[in-house]
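Structure data (compact mmCIF, C-alpha atoms and all ligand atoms) from protein31.txt:
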```txt
# COMPACT_ATOMS: atom_id res chain seq x y z
CA MET W 1 -7.25 10.89 -24.64
CA LYS W 2 -7.94 13.09 -21.62
CA GLN W 3 -6.87 11.46 -18.36
CA VAL W 4 -7.98 12.53 -14.93
CA SER W 5 -6.94 11.23 -11.53
CA PHE W 6 -8.98 10.81 -8.37
CA THR W 7 -6.94 13.56 -6.70
CA GLN W 8 -7.84 15.99 -9.48
CA LEU W 9 -11.52 15.07 -9.27
CA MET W 10 -11.59 15.49 -5.50
CA THR W 11 -9.82 18.83 -5.81
CA TYR W 12 -12.69 20.02 -7.99
CA VAL W 13 -15.28 18.64 -5.56
CA ARG W 14 -13.64 20.41 -2.61
CA CYS W 15 -12.96 23.65 -4.42
CA PRO W 16 -13.37 24.28 -8.16
CA GLU W 17 -11.26 27.42 -7.89
CA HIS W 18 -8.39 25.43 -6.43
CA TYR W 19 -8.68 23.07 -9.44
CA LEU W 20 -8.38 26.07 -11.77
CA PHE W 21 -5.19 27.33 -10.11
CA ARG W 22 -3.56 23.93 -9.69
CA TYR W 23 -4.54 21.95 -12.77
CA VAL W 24 -5.63 24.42 -15.44
CA LEU W 25 -2.99 27.06 -14.77
CA GLY W 26 -0.43 24.59 -13.39
CA ILE W 27 0.44 26.75 -10.37
CA ARG W 28 1.88 24.36 -7.75
CA ARG W 29 1.83 26.06 -4.44
CA GLN W 30 0.99 24.09 -1.34
CA PRO W 31 4.07 23.48 0.75
CA ARG W 32 2.97 21.74 3.95
CA LYS W 33 4.91 19.74 6.46
CA VAL W 34 1.88 17.59 7.14
CA PHE W 35 1.73 16.45 3.50
CA LYS W 36 5.38 15.42 3.66
CA HIS W 37 4.65 13.50 6.85
CA GLY W 38 1.74 11.65 5.22
CA PHE W 39 3.93 10.92 2.20
CA ALA W 40 6.71 9.45 4.39
CA MET W 41 4.23 7.21 6.29
CA HIS W 42 2.78 6.05 3.00
CA GLU W 43 6.20 5.34 1.48
CA THR W 44 7.25 3.37 4.56
CA LEU W 45 4.21 1.11 4.49
CA GLN W 46 4.44 0.72 0.73
CA TYR W 47 8.05 -0.44 1.08
CA HIS W 48 7.07 -2.81 3.89
CA PHE W 49 4.23 -4.40 1.91
CA GLU W 50 6.34 -4.76 -1.23
CA GLN W 51 8.85 -6.69 0.88
CA LYS W 52 6.11 -8.69 2.61
CA LYS W 53 4.66 -9.65 -0.74
CA ALA W 54 8.09 -10.92 -1.81
CA ASP W 55 9.19 -12.76 1.36
CA GLY W 56 6.02 -13.20 3.43
CA LYS W 57 7.42 -11.13 6.33
CA GLY W 58 8.27 -7.60 5.23
CA ILE W 59 10.53 -5.32 7.20
CA ALA W 60 10.73 -5.26 11.01
CA LEU W 61 9.25 -2.38 12.99
CA ALA W 62 12.70 -0.97 13.81
CA GLU W 63 13.60 -0.84 10.11
CA ALA W 64 10.24 0.71 9.26
CA LYS W 65 10.88 3.46 11.82
CA GLU W 66 14.30 4.14 10.38
CA PHE W 67 12.90 4.19 6.85
CA PHE W 68 10.19 6.63 7.92
CA VAL W 69 12.63 9.05 9.58
CA ASP W 70 14.88 9.03 6.46
CA SER W 71 11.98 9.44 4.09
CA PHE W 72 10.48 12.29 6.13
CA GLY W 73 13.91 13.96 6.32
CA SER W 74 14.39 14.00 2.56
CA ALA W 75 10.77 15.08 2.00
CA LEU W 76 11.43 18.02 4.34
CA GLU W 77 14.38 19.04 2.17
CA ASP W 78 11.98 19.26 -0.79
CA TYR W 79 9.54 21.12 1.43
CA LYS W 80 12.12 23.82 2.24
CA GLN W 81 12.72 24.45 -1.43
CA GLU W 82 9.01 24.46 -2.27
CA LEU W 83 8.36 26.88 0.59
CA GLU W 84 11.04 29.28 -0.61
CA GLU W 85 9.65 29.26 -4.14
CA ALA W 86 6.08 29.81 -2.97
CA ARG W 87 6.87 32.26 -0.13
CA PRO W 88 6.08 35.51 -2.05
CA TYR W 89 2.62 34.19 -2.92
CA LEU W 90 1.61 32.89 0.49
CA THR W 91 -0.16 34.89 3.17
CA ARG W 92 1.49 35.85 6.44
CA GLU W 93 -1.06 33.68 8.27
CA TYR W 94 -0.22 30.61 6.18
CA LEU W 95 3.52 31.05 6.75
CA SER W 96 3.09 31.57 10.47
CA LYS W 97 0.94 28.44 10.77
CA GLU W 98 3.57 26.39 8.94
CA LYS W 99 6.35 27.80 11.08
CA HIS W 100 4.66 26.59 14.24
CA VAL W 101 4.25 23.02 13.04
CA ASN W 102 6.75 21.09 15.14
CA VAL W 103 8.80 18.53 13.21
CA GLY W 104 9.93 16.74 16.39
CA ASP W 105 6.30 16.11 17.38
CA MET W 106 5.56 14.87 13.89
CA ILE W 107 8.39 12.35 14.07
CA ASP W 108 7.15 11.13 17.47
CA THR W 109 3.58 10.68 16.32
CA GLY W 110 4.74 8.98 13.10
CA LEU W 111 6.81 6.46 15.08
CA LYS W 112 3.92 5.77 17.46
CA GLY W 113 1.60 5.40 14.47
CA LEU W 114 3.91 2.77 12.97
CA GLU W 115 4.01 0.91 16.30
CA VAL W 116 0.23 0.58 16.46
CA TYR W 117 0.00 -0.30 12.78
CA PHE W 118 2.56 -3.07 13.10
CA ARG W 119 0.95 -4.38 16.29
CA HIS W 120 -2.73 -4.25 15.37
CA LEU W 121 -3.12 -4.38 11.61
CA ASN W 122 -0.03 -5.71 9.90
CA PRO W 123 -0.40 -9.33 11.13
CA TYR W 124 -3.81 -9.57 9.44
CA ILE W 125 -2.81 -8.28 5.99
CA ASP W 126 -1.41 -10.64 3.41
CA PRO W 127 -0.60 -8.26 0.52
CA ASP W 128 -1.50 -9.00 -3.06
CA LEU W 129 -1.39 -5.78 -5.13
CA VAL W 130 0.76 -2.92 -3.84
CA GLU W 131 0.49 0.53 -5.45
CA GLU W 132 -1.12 -1.09 -8.46
CA PRO W 133 -1.85 1.31 -11.34
CA PHE W 134 -5.28 1.16 -12.98
CA ALA W 135 -7.20 2.98 -15.68
CA PHE W 136 -10.79 2.82 -16.87
CA SER W 137 -12.82 4.58 -19.48
CA VAL W 138 -15.61 6.98 -18.52
CA ARG W 139 -16.62 7.72 -22.10
CA PRO W 140 -14.74 7.86 -25.40
CA GLY W 141 -11.81 10.23 -24.94
CA LEU W 142 -12.00 10.35 -21.14
CA GLU W 143 -10.21 7.99 -18.77
CA VAL W 144 -9.71 7.83 -15.00
CA VAL W 145 -6.24 6.78 -13.87
CA GLY W 146 -4.98 5.97 -10.39
CA ARG W 147 -3.18 3.57 -8.08
CA MET W 148 -4.56 1.30 -5.39
CA ASP W 149 -2.56 1.47 -2.14
CA LEU W 150 -2.99 -2.15 -1.25
CA THR W 151 -5.16 -5.22 -1.77
CA ASP W 152 -4.91 -8.50 0.10
CA LYS W 153 -5.16 -12.13 -0.93
CA LYS W 154 -8.78 -12.25 0.26
CA ASP W 155 -9.71 -9.73 -2.47
CA VAL W 156 -10.11 -6.88 -0.03
CA ILE W 157 -9.00 -3.36 -1.05
CA HIS W 158 -7.29 -1.37 1.71
CA GLU W 159 -7.22 2.38 1.63
CA LEU W 160 -4.66 3.65 4.11
CA LYS W 161 -5.06 7.04 5.75
CA THR W 162 -3.32 8.92 8.50
CA THR W 163 -5.35 11.42 10.48
CA ARG W 164 -5.22 13.42 13.69
CA VAL W 165 -8.96 13.36 14.25
CA THR W 166 -10.86 10.16 15.01
CA PRO W 167 -12.88 9.36 11.87
CA ASN W 168 -16.45 8.14 11.87
CA HIS W 169 -18.32 5.56 9.86
CA GLN W 170 -19.90 8.26 7.72
CA ASP W 171 -16.49 8.70 6.06
CA ILE W 172 -16.78 5.41 4.25
CA ARG W 173 -20.40 6.00 3.20
CA THR W 174 -19.46 9.20 1.39
CA ASP W 175 -16.10 8.07 0.02
CA ALA W 176 -16.03 8.18 -3.78
CA GLN W 177 -12.45 6.94 -3.78
CA ILE W 178 -13.41 3.41 -2.76
CA SER W 179 -16.01 3.33 -5.55
CA ILE W 180 -13.26 4.29 -8.00
CA TYR W 181 -10.97 1.63 -6.52
CA GLN W 182 -13.69 -0.94 -6.93
CA ILE W 183 -14.00 -0.19 -10.66
CA GLY W 184 -10.19 -0.10 -10.99
CA TYR W 185 -9.84 -3.44 -9.18
CA LYS W 186 -12.24 -5.10 -11.58
CA GLU W 187 -10.33 -3.68 -14.55
CA VAL W 188 -7.02 -5.03 -13.22
CA THR W 189 -8.07 -8.46 -11.89
CA GLY W 190 -11.27 -9.21 -13.80
CA ARG W 191 -13.12 -9.84 -10.50
CA ALA W 192 -15.12 -7.74 -8.09
CA PRO W 193 -13.46 -7.16 -4.70
CA LYS W 194 -15.00 -9.00 -1.73
CA GLY W 195 -14.60 -6.03 0.58
CA LEU W 196 -13.29 -2.50 0.99
CA SER W 197 -11.48 -1.37 4.09
CA LYS W 198 -10.53 2.12 5.18
CA ASP W 199 -7.61 1.70 7.56
CA TYR W 200 -6.86 4.81 9.58
CA ILE W 201 -3.81 5.39 11.72
CA VAL W 202 -5.06 8.00 14.17
CA LEU W 203 -1.94 9.88 15.18
CA SER W 204 -1.59 11.26 18.66
CA LYS W 205 1.27 11.88 21.06
CA ASN W 206 -0.16 9.67 23.79
CA ASN W 207 -2.83 7.55 22.24
CA SER W 208 -2.22 6.57 18.61
CA LYS W 209 -4.68 3.94 17.47
CA ILE W 210 -6.08 2.10 14.49
CA VAL W 211 -9.63 2.74 13.34
CA ARG W 212 -10.94 0.56 10.59
CA PHE W 213 -14.19 0.60 8.64
CA ARG W 214 -15.09 -2.22 6.30
CA VAL W 215 -17.89 -2.60 3.80
CA VAL W 216 -18.73 -5.27 1.25
CA ARG W 217 -19.46 -2.79 -1.49
CA PRO W 218 -19.30 1.01 -1.86
CA PHE W 219 -22.35 3.10 -1.06
CA ILE W 220 -21.87 5.15 -4.22
CA ASP W 221 -22.65 2.95 -7.22
CA LYS W 222 -20.67 2.80 -10.46
CA LYS W 223 -23.28 4.66 -12.55
CA THR W 224 -23.34 7.58 -10.10
CA VAL W 225 -19.55 7.75 -10.01
CA LEU W 226 -19.20 7.78 -13.79
CA ARG W 227 -21.95 10.38 -14.16
CA SER W 228 -20.31 12.61 -11.54
CA ILE W 229 -16.92 12.36 -13.25
CA GLU W 230 -18.47 13.32 -16.58
CA THR W 231 -20.25 16.27 -14.99
CA ILE W 232 -17.05 17.53 -13.36
CA MET W 233 -15.04 17.22 -16.56
CA ASP W 234 -17.78 18.94 -18.59
CA ALA W 235 -17.77 21.79 -16.06
CA VAL W 236 -13.97 22.08 -16.36
CA GLN W 237 -14.30 22.15 -20.15
CA LYS W 238 -16.79 25.01 -19.85
CA ASN W 239 -14.58 26.99 -17.45
CA ILE W 240 -16.95 26.62 -14.52
CA PHE W 241 -14.78 27.38 -11.51
CA PHE W 242 -16.49 28.90 -8.53
CA CYS W 243 -15.96 29.55 -4.88
CA LEU W 244 -18.74 28.18 -2.72
CA HIS W 245 -17.13 28.56 0.63
CA PRO W 246 -18.67 30.97 3.06
CA ALA W 247 -16.35 33.72 4.29
CA GLU W 248 -15.77 32.10 7.67
CA SER W 249 -15.08 28.60 6.35
CA TRP W 250 -11.77 27.16 7.61
CA ILE W 251 -11.02 25.73 4.18
CA CYS W 252 -11.24 29.15 2.55
CA SER W 253 -9.08 30.94 5.07
CA LYS W 254 -5.78 32.78 4.96
CA GLU W 255 -4.20 30.17 7.27
CA TRP W 256 -5.23 27.16 5.28
CA CYS W 257 -5.43 28.04 1.61
CA ALA W 258 -2.17 28.45 -0.27
CA TYR W 259 -4.06 30.14 -3.11
CA TYR W 260 -5.66 32.82 -0.98
CA LYS W 261 -3.90 35.71 -2.73
CA LEU W 262 -4.94 34.41 -6.15
CA HIS W 263 -8.44 33.98 -4.78
CA GLN W 264 -8.52 37.69 -3.91
CA GLU W 265 -7.09 38.60 -7.29
CA ILE W 266 -9.63 36.63 -9.31
CA LYS W 267 -12.40 38.27 -7.27
CA LYS W 268 -10.96 41.69 -8.06
CA LEU W 269 -10.13 41.21 -11.74
CA GLY W 270 -12.96 38.89 -12.81
CA PHE W 271 -12.42 35.58 -14.60
CA GLN W 272 -11.61 36.86 -18.13
CA ALA W 273 -9.01 39.40 -17.07
CA PHE W 274 -7.51 36.95 -14.59
CA MET W 275 -7.13 34.28 -17.27
CA GLU W 276 -5.64 36.76 -19.69
CA LYS W 277 -3.01 37.56 -17.10
CA TYR W 278 -2.20 34.02 -15.97
CA ALA W 279 -2.94 31.86 -19.01
CA PRO W 280 -1.38 33.27 -22.17
CA ARG W 281 -2.67 30.26 -24.14
CA TYR W 282 -6.19 31.04 -23.02
CA HIS W 283 -5.65 34.66 -24.10
CA SER W 284 -4.41 33.78 -27.60
CA ARG W 285 -7.25 31.22 -28.02
CA ARG W 286 -9.78 33.94 -27.21
CA GLN W 287 -8.13 36.36 -29.58
CA SER W 288 -8.15 33.91 -32.47
CA SER W 289 -11.79 32.97 -31.84
CA THR W 290 -12.65 36.71 -31.80
CA LEU W 291 -10.83 37.11 -35.11
CA ASP W 292 -12.68 34.07 -36.52
CA THR W 293 -16.00 35.57 -35.46
CA LYS W 294 -15.05 38.93 -36.95
CA GLY W 295 -13.96 37.17 -40.15
CA LYS W 296 -17.28 35.35 -40.35
CA ASN W 297 -19.21 38.52 -39.66
CA ALA W 298 -17.26 40.52 -42.23
S1 LIG S 301 -9.37 30.70 -1.33
FE1 LIG S 301 -11.15 29.39 -1.05
S2 LIG S 301 -12.16 29.34 -3.07
FE2 LIG S 301 -10.07 30.08 -3.37
S3 LIG S 301 -8.83 28.27 -3.83
FE3 LIG S 301 -8.70 28.62 -1.63
S4 LIG S 301 -10.32 27.36 -0.73
FE4 LIG S 301 -10.76 27.60 -2.90
```
Would you mind writing the file out in structure tokens?
Amino acid sequence: MKQVSFTQLMTYVRCPEHYLFRYVLGIRRQPRKVFKHGFAMHETLQYHFEQKKADGKGIALAEAKEFFVDSFGSALEDYKQELEEARPYLTREYLSKEKHVNVGDMIDTGLKGLEVYFRHLNPYIDPDLVEEPFAFSVRPGLEVVGRMDLTDKKDVIHELKTTRVTPNHQDIRTDAQISIYQIGYKEVTGRAPKGLSKDYIVLSKNNSKIVRFRVVRPFIDKKTVLRSIETIMDAVQKNIFFCLHPAESWICSKEWCAYYKLHQEIKKLGFQAFMEKYAPRYHSRRQSSTLDTKGKNA
């Protein structure tokens, strides 16, 4: 059974080449302080809601802040190691950008983010499922797996995000993740959710705030989601990995993309030669199929 997660699917949607490097070749290379920060915020709120589910109250804001600082601290230890391992493969621009990300500022904004979350959103959420795993079939032999951040006792799914840019309502209209959550929720509980909420903590030094968008049902229907997943996985199966980003796109830049050097290399070598270099299994599979063909032709 082939399993695919939402993160993997979205990686392909954002950049098929990135999917190739990360999931086909298994090259993990994206050390970023901001990811560790998001992880620590997520872990803190997960811990809080697990407690709240058990005792009706959860942890106090002061404890949440302490938990966040500890969690971020240990995530940064992992980050240092990941950065050292990846350093030879990263561009100068990427490393310089990372170097200038200020950890002190990140702690401040995280603490302010928790304050606004506890003041404006926490009182209204009565948790039901916290980090609940789900799985559903797309077709025989293909399954989507994932976890829902949080659902409440009113059958509303909450997707928690931290961001530095104020989001807009369009985000929820185009969000395939909430469609996947909706299917997952039905699989787990046997009922359709009554609502879907995207809860953003907008992080800022002076003006952190909560922005929330709620809908009754996703804009992308189940059929469309399943068809898109099948299409992506068929493309992966057929080795369709391309770069669509224009040269000046921020996403495809030396500062942002941790795979930029590989990106240059695949452009230079071409797909076959690149795969022969980085995927020995792919190489031996090709060789044996060439031998088979030769055998058949002989
Ligand atoms: S360099 Fe561009 S195309 Fe290549 S993995 Fe990065 S974002 Fe994708």
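When all atoms listed in the file are used to compute distances to ligand LIG 301 (chain S), the closest of the residues W:Val69, W:Ala235, W:Ala192, W:Cys15 turns out to be W:Cys15.
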Sorted by chain and rising residue number, list the residues of region 157-212 of chain W at most 10 Å from region 29-41 of chain W (counting only C-alpha atoms), each with its closest atom pair and distance in Å to one decimal, as CSV.
```
residue,atom,partner,partner_atom,distance
W:Leu160,CA,W:Met41,CA,9.8
W:Lys161,CA,W:Gly38,CA,8.2
W:Thr162,CA,W:Gly38,CA,6.6
W:Thr163,CA,W:Gly38,CA,8.8
W:Ile201,CA,W:Met41,CA,9.9
```
Draw an axis-aligned box tight on the listed atoms of ligand LIG 301 (chain S), then pad every side by 3 Å and write out centre and edge lengths in Å to one decimal as lines of an AutoDock Vina configuration file.
```
center_x = -10.4
center_y = 29.0
center_z = -2.3
size_x = 9.5
size_y = 9.3
size_z = 9.1
```
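Take CA of Leu129 (chain W) and CA of Arg214 (chain W): the distance between them is 18.2 Å.
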Residue contacts of region 17-24 of chain W (10 Å, only C-alpha atoms) excluding same-chain residues fewer than 6 positions away, as a list of chain:residue names: W:Gln8, W:Leu9, W:Met10, W:Thr11, W:Gln30, W:Val236, W:Asn239, W:Ile240, W:Phe241, W:Phe242, W:Cys243, W:Leu244, W:Cys257, W:Ala258, W:Tyr259, W:Tyr260, W:Leu262, W:His263, W:Ile266, W:Met275, W:Tyr278, W:Ala279
Okay, now the selection with C-alpha atoms, as a tab-separated table (two decimals), in the frame of the given file?
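The resulting part.tsv:
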```tsv
chain	number	residue	atom	x	y	z
W	8	GLN	CA	-7.84	15.99	-9.48
W	9	LEU	CA	-11.52	15.07	-9.27
W	10	MET	CA	-11.59	15.49	-5.50
W	11	THR	CA	-9.82	18.83	-5.81
W	30	GLN	CA	0.99	24.09	-1.34
W	236	VAL	CA	-13.97	22.08	-16.36
W	239	ASN	CA	-14.58	26.99	-17.45
W	240	ILE	CA	-16.95	26.62	-14.52
W	241	PHE	CA	-14.78	27.38	-11.51
W	242	PHE	CA	-16.49	28.90	-8.53
W	243	CYS	CA	-15.96	29.55	-4.88
W	244	LEU	CA	-18.74	28.18	-2.72
W	257	CYS	CA	-5.43	28.04	1.61
W	258	ALA	CA	-2.17	28.45	-0.27
W	259	TYR	CA	-4.06	30.14	-3.11
W	260	TYR	CA	-5.66	32.82	-0.98
W	262	LEU	CA	-4.94	34.41	-6.15
W	263	HIS	CA	-8.44	33.98	-4.78
W	266	ILE	CA	-9.63	36.63	-9.31
W	275	MET	CA	-7.13	34.28	-17.27
W	278	TYR	CA	-2.20	34.02	-15.97
W	279	ALA	CA	-2.94	31.86	-19.01
```
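Interatomic distance, CA of Lys222 (chain W) to atom FE4 of ligand LIG 301 (chain S): 27.8 Å.
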Using only C-alpha atoms, which residue out of W:Phe72, W:Phe213, W:Tyr200, W:Phe219 lies closest to Arg173 (chain W)? W:Phe219
Point-to-point distance from CA of Pro246 (chain W) to CA of Phe271 (chain W), Å rounded to tenths: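 So the two atoms, CA of Pro246 (chain W) and CA of Phe271 (chain W), lie 19.3 Å apart.
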Of the listed residues W:Ala86, W:Ala273, W:Val130, W:Ala54, that which approaches Thr151 (chain W) most closely, counting all atoms listed in the file: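 Between W:Ala86, W:Ala273, W:Val130, W:Ala54, the residue approaching Thr151 (chain W) most closely is W:Val130.
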Just the residues within 9 Å of Asp128 (chain W), please, counting only C-alpha atoms, with nothing from its chain fewer than 4 positions along; format it as a PyMOL selection string. chain W and resi 49+53+150-155
Select, from W:Val156, W:Val116, W:Ile107, W:Val13, the residue with the minimum atom-to-atom distance to ligand LIG 301 (chain S), counting only C-alpha atoms and all ligand atoms. W:Val13
Give me the residues within 9 Å of region 224-227 of chain W as a PDB file with C-alpha atoms, in the frame of the given file, counting all atoms listed in the file and dropping any in the same chain fewer than 4 places off.
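Dumped everything to around-v3.pdb:
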```
ATOM      1  CA  VAL W 138     -15.610   6.980 -18.520  1.00  0.00           C
ATOM      2  CA  ARG W 139     -16.620   7.720 -22.100  1.00  0.00           C
ATOM      3  CA  ALA W 176     -16.030   8.180  -3.780  1.00  0.00           C
ATOM      4  CA  SER W 179     -16.010   3.330  -5.550  1.00  0.00           C
ATOM      5  CA  ILE W 180     -13.260   4.290  -8.000  1.00  0.00           C
ATOM      6  CA  ILE W 220     -21.870   5.150  -4.220  1.00  0.00           C
ATOM      7  CA  THR W 231     -20.250  16.270 -14.990  1.00  0.00           C
ATOM      8  CA  ILE W 232     -17.050  17.530 -13.360  1.00  0.00           C
TER       9      ILE W 232
END
```
Taking into account all atoms listed in the file, which residue in the set W:Ile183, W:Leu90, W:Ile229, W:Cys252 is nearest to Tyr12 (chain W)?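 Closest candidate: W:Ile229.
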Nearest residue to Glu132 (chain W) from the set W:Arg191, W:Arg147, W:Lys80, W:Lys2 (distances using only C-alpha atoms): W:Arg147
Contacts of Ser71 (chain W) at 8 Å (only C-alpha atoms; same-chain gap of 3+ positions) as a CSV table (one decimal) with C-alpha atoms, in the coordinates of the input:
```csv
chain,number,residue,atom,x,y,z
W,40,ALA,CA,6.7,9.4,4.4
W,43,GLU,CA,6.2,5.3,1.5
W,44,THR,CA,7.2,3.4,4.6
W,67,PHE,CA,12.9,4.2,6.8
W,68,PHE,CA,10.2,6.6,7.9
W,74,SER,CA,14.4,14.0,2.6
W,75,ALA,CA,10.8,15.1,2.0
```
